[in-house]
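Student: Pasting a structure below so you can have a look.
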Amino acid sequence: MYGPVGASHRLSGRSPHVVEAAHLLDQPNDNRLFVDVRLGDPDEQLLRYRESHIHGAVHAQIRDVFAAPPTAQSGSLPLPSIESLRRQLCSWGVDAQTEIIVYGASPALASRGWWVLRWAGCQNVRVLDGGIRSWTSQGGPLAQGDSIPAKRSSSGTLELSAGHLGEVSVEQVETLPEQVLLIDARDESAFLAGAIPRAMHLPAADLWTPDGYLRTVDEIGSLLQSVGALDADQVVVYCGGGVLSALTTLALSAFGSAPRLFVGSWSQWSRSPDRMARSASTGVFS
């Protein structure tokens with residue numbers, strides 16, 4: 001389905017959804033917004049944001065911006081409502097032309113922000129490769145304290161709608177056709193403790209380096225090919241709660257694939273004793 005991967009280079013050279021800090025600094029944009037994506041204890045993460053963030057970046061806790069409160073039937077990070085997301089973006093001065101650059105402590109956190117924004121119809125969204133580390137290495141300015149909204153050439157109009165990226169429900173995952181490749185993006189210990197039947201394991205953490213940069217095209221292509229992802233006509237990806245798997249969908253999109261994300265992921269699948277019994281019967285449990 002896909003040709004051989006070319007010479008090694010950064011994913012930004014292949015994907016329109018990934019950008020280097022040097023490119024952003026070389027090409028200023030009056031209508032650009034940096035979004036600092038975080039997950040974890042809200043007070044602690046807000047404190048860390050205030051200690052250091054890219055100049056002009058807004059603080060975005062995933063649970064508040066890129067997810068809705070979980071329910072008894074959902075996963076841990078269900079998708080936000082379109083209206084709540086629109087209100088948040090408008091409060092940041094985002095319009096239909098705004099260039100949105102997401103970054104986080106890991107590419108996976110940034111990718112959750114990227115995926116939700118793209119799913120909602122934002123067209124100009126990119127992940128900053130290497131995050132704040134790459135920004136500072138290129139001399140990009142940092143700031144402390146709370147965000148000061150930047151003055152941008154915003155038209156003030158923003159229309160969003162759901163479904164611009166593919167997703168699947170837990171019911172659809174239960175009846176996936178055999179030809180659909182299912183990828184589990186969690187770490188090895190989580191996968192060995194229990195997985196959705198016939199899932200192939202590809203840890204999303206393998207897609208980035210210890211210093212937070214995405215691996216080269218050759219390296220990512222080899223990892224994807226190791227589970228047959230570059231030859232599959234249909235791919236569904238899941239993880240624990242729809243964060244790590246968002247990065248896998250970003251990587252796959254660079255190779256021409258259009259994967260669907262199981263947003264509820266294992267946190268939703270594991271709520272059902274019947275589904276857990278099916279997982280146990282596969283022999284995945286250690």
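The way I read the labels, and the way they are meant: chains A, B, ... in the order of the structure tokens, residue 1 as the first residue of every chain, and ligand 1 as the first ligand shown, with later ones counted on from there.
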Find the spatial neighbours of region 80-87 of chain A, counting only C-alpha atoms, within a cut-off of 9 Å - ignore same-chain residues fewer than 6 positions away - and output them as a list in words.
Tutor: Arg63, Asp64, Val65, Phe66, Ala67, Ala68, Pro69, Val94, Val116, Leu117, Ala120, Leu158, Glu159, Leu160, Ser161 and Ala162 of chain A
Student: Would you output that residue set with C-alpha atoms, as a PDB file, in the first residue's frame?
Tutor:
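Result went into again.pdb, see below:
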```pdb
ATOM      1  CA  ARG A  63      -9.441  17.432  31.426  1.00  0.00           C
ATOM      2  CA  ASP A  64     -10.750  21.007  31.178  1.00  0.00           C
ATOM      3  CA  VAL A  65     -10.198  21.788  27.492  1.00  0.00           C
ATOM      4  CA  PHE A  66      -9.707  18.623  25.450  1.00  0.00           C
ATOM      5  CA  ALA A  67     -12.007  16.286  27.380  1.00  0.00           C
ATOM      6  CA  ALA A  68     -15.392  16.251  29.078  1.00  0.00           C
ATOM      7  CA  PRO A  69     -16.063  14.971  32.600  1.00  0.00           C
ATOM      8  CA  VAL A  94      -8.979  31.984  18.037  1.00  0.00           C
ATOM      9  CA  VAL A 116      -9.324  17.078  19.361  1.00  0.00           C
ATOM     10  CA  LEU A 117      -8.842  20.376  17.535  1.00  0.00           C
ATOM     11  CA  ALA A 120     -13.592  19.644  15.740  1.00  0.00           C
ATOM     12  CA  LEU A 158     -15.038  30.403  14.537  1.00  0.00           C
ATOM     13  CA  GLU A 159     -17.345  27.589  13.471  1.00  0.00           C
ATOM     14  CA  LEU A 160     -16.681  24.055  14.733  1.00  0.00           C
ATOM     15  CA  SER A 161     -18.340  20.704  14.154  1.00  0.00           C
ATOM     16  CA  ALA A 162     -17.570  17.150  15.225  1.00  0.00           C
TER      17      ALA A 162
END
```
Student: From the DSSP assignment of the backbone, select every residue of region 135-268 of chain A that is strand (DSSP E), and format the answer as a list of chain:residue names.
Tutor: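 Listing strand (DSSP E) positions across region 135-268 of chain A yields A:Leu142, A:Ala143, A:Leu181, A:Leu182, A:Ile183, A:Asp184, A:Met200, A:His201, A:Val235, A:Val236, A:Val237, A:Tyr238, A:Arg260, A:Leu261.
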Student: So that I have them on file, write out the residues from the current selection with N, CA and C atoms, as a PDB file, in the first residue's frame.
Tutor:
```
ATOM      1  N   LEU A 142      10.682  32.723  26.439  1.00  0.00           N
ATOM      2  CA  LEU A 142       9.818  32.086  27.435  1.00  0.00           C
ATOM      3  C   LEU A 142       9.165  33.159  28.289  1.00  0.00           C
ATOM      4  N   ALA A 143       8.184  32.739  29.074  1.00  0.00           N
ATOM      5  CA  ALA A 143       7.497  33.658  29.978  1.00  0.00           C
ATOM      6  C   ALA A 143       7.166  32.929  31.263  1.00  0.00           C
ATOM      7  N   LEU A 181      -6.993  -3.524  11.435  1.00  0.00           N
ATOM      8  CA  LEU A 181      -5.867  -3.652  12.352  1.00  0.00           C
ATOM      9  C   LEU A 181      -6.136  -2.828  13.601  1.00  0.00           C
ATOM     10  N   LEU A 182      -6.055  -3.459  14.759  1.00  0.00           N
ATOM     11  CA  LEU A 182      -6.268  -2.790  16.041  1.00  0.00           C
ATOM     12  C   LEU A 182      -4.925  -2.653  16.739  1.00  0.00           C
ATOM     13  N   ILE A 183      -4.536  -1.425  17.084  1.00  0.00           N
ATOM     14  CA  ILE A 183      -3.240  -1.155  17.709  1.00  0.00           C
ATOM     15  C   ILE A 183      -3.449  -0.668  19.134  1.00  0.00           C
ATOM     16  N   ASP A 184      -2.722  -1.273  20.064  1.00  0.00           N
ATOM     17  CA  ASP A 184      -2.696  -0.861  21.466  1.00  0.00           C
ATOM     18  C   ASP A 184      -1.434  -0.028  21.681  1.00  0.00           C
ATOM     19  N   MET A 200      -2.705  -5.523  18.332  1.00  0.00           N
ATOM     20  CA  MET A 200      -1.264  -5.558  18.157  1.00  0.00           C
ATOM     21  C   MET A 200      -0.652  -4.477  19.039  1.00  0.00           C
ATOM     22  N   HIS A 201       0.487  -4.804  19.651  1.00  0.00           N
ATOM     23  CA  HIS A 201       1.078  -3.863  20.602  1.00  0.00           C
ATOM     24  C   HIS A 201       2.147  -3.013  19.939  1.00  0.00           C
ATOM     25  N   VAL A 235      -7.218   1.045  10.139  1.00  0.00           N
ATOM     26  CA  VAL A 235      -6.507   0.953  11.417  1.00  0.00           C
ATOM     27  C   VAL A 235      -7.322   1.655  12.491  1.00  0.00           C
ATOM     28  N   VAL A 236      -7.440   1.014  13.638  1.00  0.00           N
ATOM     29  CA  VAL A 236      -8.034   1.612  14.832  1.00  0.00           C
ATOM     30  C   VAL A 236      -6.979   1.588  15.926  1.00  0.00           C
ATOM     31  N   VAL A 237      -6.843   2.702  16.647  1.00  0.00           N
ATOM     32  CA  VAL A 237      -5.823   2.814  17.686  1.00  0.00           C
ATOM     33  C   VAL A 237      -6.487   3.142  19.022  1.00  0.00           C
ATOM     34  N   TYR A 238      -5.975   2.538  20.078  1.00  0.00           N
ATOM     35  CA  TYR A 238      -6.443   2.868  21.425  1.00  0.00           C
ATOM     36  C   TYR A 238      -5.280   2.849  22.396  1.00  0.00           C
ATOM     37  N   ARG A 260      -8.571   5.496  12.747  1.00  0.00           N
ATOM     38  CA  ARG A 260      -9.640   5.947  13.624  1.00  0.00           C
ATOM     39  C   ARG A 260      -9.220   5.743  15.073  1.00  0.00           C
ATOM     40  N   LEU A 261      -9.622   6.654  15.915  1.00  0.00           N
ATOM     41  CA  LEU A 261      -9.241   6.630  17.324  1.00  0.00           C
ATOM     42  C   LEU A 261     -10.390   6.109  18.180  1.00  0.00           C
TER      43      LEU A 261
END
```
Student: When distances are computed from only C-alpha atoms, which of A:Ala232, A:Val19, A:Val180, A:Ala57 shows the smallest separation from Gln144 (chain A)?
Tutor: A:Ala57
Student: With a distance cut-off of 9 Å and only C-alpha atoms, select the neighbouring residues of Ile148 (chain A), excluding the residue or stretch itself and same-chain residues fewer than 2 positions from it, and output the selection as a list of chain:residue names.
Tutor: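 That gives A:His55, A:Gly56, A:Ala57, A:Val58, A:Gly145, A:Asp146, A:Ala150.
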